[in-house]
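For reference, model21.txt (compact mmCIF, C-alpha atoms):
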```txt
# COMPACT_ATOMS: atom_id res chain seq x y z
CA MET A 418 -58.32 31.39 264.41
CA HIS A 419 -58.16 34.64 266.39
CA GLN A 420 -59.83 36.64 263.61
CA HIS A 421 -62.61 34.06 263.29
CA HIS A 422 -63.18 34.31 267.04
CA ARG A 423 -63.52 38.11 266.79
CA TRP A 424 -66.05 37.81 263.95
CA ALA A 425 -68.03 35.26 265.99
CA GLN A 426 -68.04 37.61 268.99
CA ALA A 427 -69.22 40.54 266.86
CA THR A 428 -71.99 38.45 265.30
CA THR A 429 -73.18 37.21 268.68
CA VAL A 430 -73.30 40.70 270.20
CA LEU A 431 -75.17 42.06 267.18
CA GLN A 432 -77.70 39.21 267.36
CA VAL A 433 -78.33 39.93 271.04
CA SER A 434 -78.77 43.59 270.12
CA ILE A 435 -81.39 42.66 267.50
CA ALA A 436 -83.26 40.56 270.06
CA LEU A 437 -83.17 43.47 272.51
CA ALA A 438 -84.55 45.75 269.79
CA ALA A 439 -87.52 43.44 269.33
CA ILE A 440 -88.16 43.31 273.07
CA ALA A 441 -87.82 47.10 273.32
CA LEU A 442 -90.39 47.55 270.56
CA LEU A 443 -92.84 45.20 272.23
CA THR A 444 -92.48 46.62 275.75
CA ARG A 445 -91.83 50.26 274.77
CA LYS A 446 -89.17 50.53 277.48
CA LYS A 447 -86.68 53.33 276.79
CA TRP A 448 -83.88 51.75 278.86
CA LEU A 449 -84.01 48.60 276.71
CA GLU A 450 -83.65 50.78 273.63
CA TYR A 451 -80.55 52.43 275.11
CA GLY A 452 -79.15 49.01 275.99
CA MET A 453 -79.74 47.89 272.41
CA PHE A 454 -77.83 50.88 271.06
CA ALA A 455 -74.97 50.23 273.49
CA LEU A 456 -74.72 46.57 272.49
CA ALA A 457 -74.90 47.43 268.80
CA SER A 458 -72.02 49.87 269.27
CA VAL A 459 -69.96 47.20 271.05
CA GLY A 460 -70.68 44.77 268.22
CA LEU A 461 -69.59 47.30 265.61
CA VAL A 462 -66.36 47.99 267.49
CA ILE A 463 -65.57 44.28 267.77
CA GLY A 464 -66.34 43.88 264.05
CA ALA A 465 -64.01 46.78 263.23
CA LEU A 466 -61.26 45.16 265.33
CA ALA A 467 -61.76 41.93 263.39
CA ALA A 468 -61.59 43.77 260.06
CA LEU A 469 -58.37 45.49 261.12
CA HIS A 470 -56.87 42.16 262.29
CA ILE A 471 -56.39 43.42 265.83
```
Would you encode the structure as structure tokens?
Amino acid sequence: MHQHHRWAQATTVLQVSIALAAIALLTRKKWLEYGMFALASVGLVIGALAALHI
């Protein structure tokens, strides 16, 4: 169940990052773009932890 929870966390963070990307494109705010990149990085790290069973 722990691994499933990690995958769910990674998916959720990546979905929020995608939503932020859309908002950043519409508003053309640079700080939203940086926030999107930060969240995408966090999502990738959580996904890597899930893949490595950590």
In terms of the shortest atom-to-atom distance over all atoms listed in the file, which of A:Leu443, A:Val433, A:Ala427, A:Ala438 is closest to Gly460 of chain A? A:Ala427
Name the residues in contact with Leu431 of chain A at a cut-off of 8 Å, using all atoms listed in the file, excluding same-chain residues fewer than 6 positions from it; report them as a count of residues only. 4
Extending 5 Å beyond the listed atoms of segment 455-471 of chain A on each side, what axis-aligned box results? I want centre and edge lengths in Å to one decimal, as JSON.
```
{"center_x": -65.7, "center_y": 46.1, "center_z": 266.8, "size_x": 28.6, "size_y": 18.3, "size_z": 23.4}
```
Rank A:Leu469, A:Ala439, A:Met453, A:Ile463 by their smallest atom-to-atom distance to Ala425 of chain A, using only C-alpha atoms, and report the top residue only. A:Ile463
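Here atom CA of Ala465 of chain A and atom CA of Trp448 of chain A stand 25.8 Å from one another.
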As a check of understanding: the span from atom CA of Ala467 of chain A to atom CA of His421 of chain A is 7.9 Å
Got a sec: who's within 9 Å of Ile471 of chain A, counting all atoms listed in the file, leaving out chain neighbours fewer than 6 positions off, as a PyMOL selection string? chain A and resi 419-420+423+465
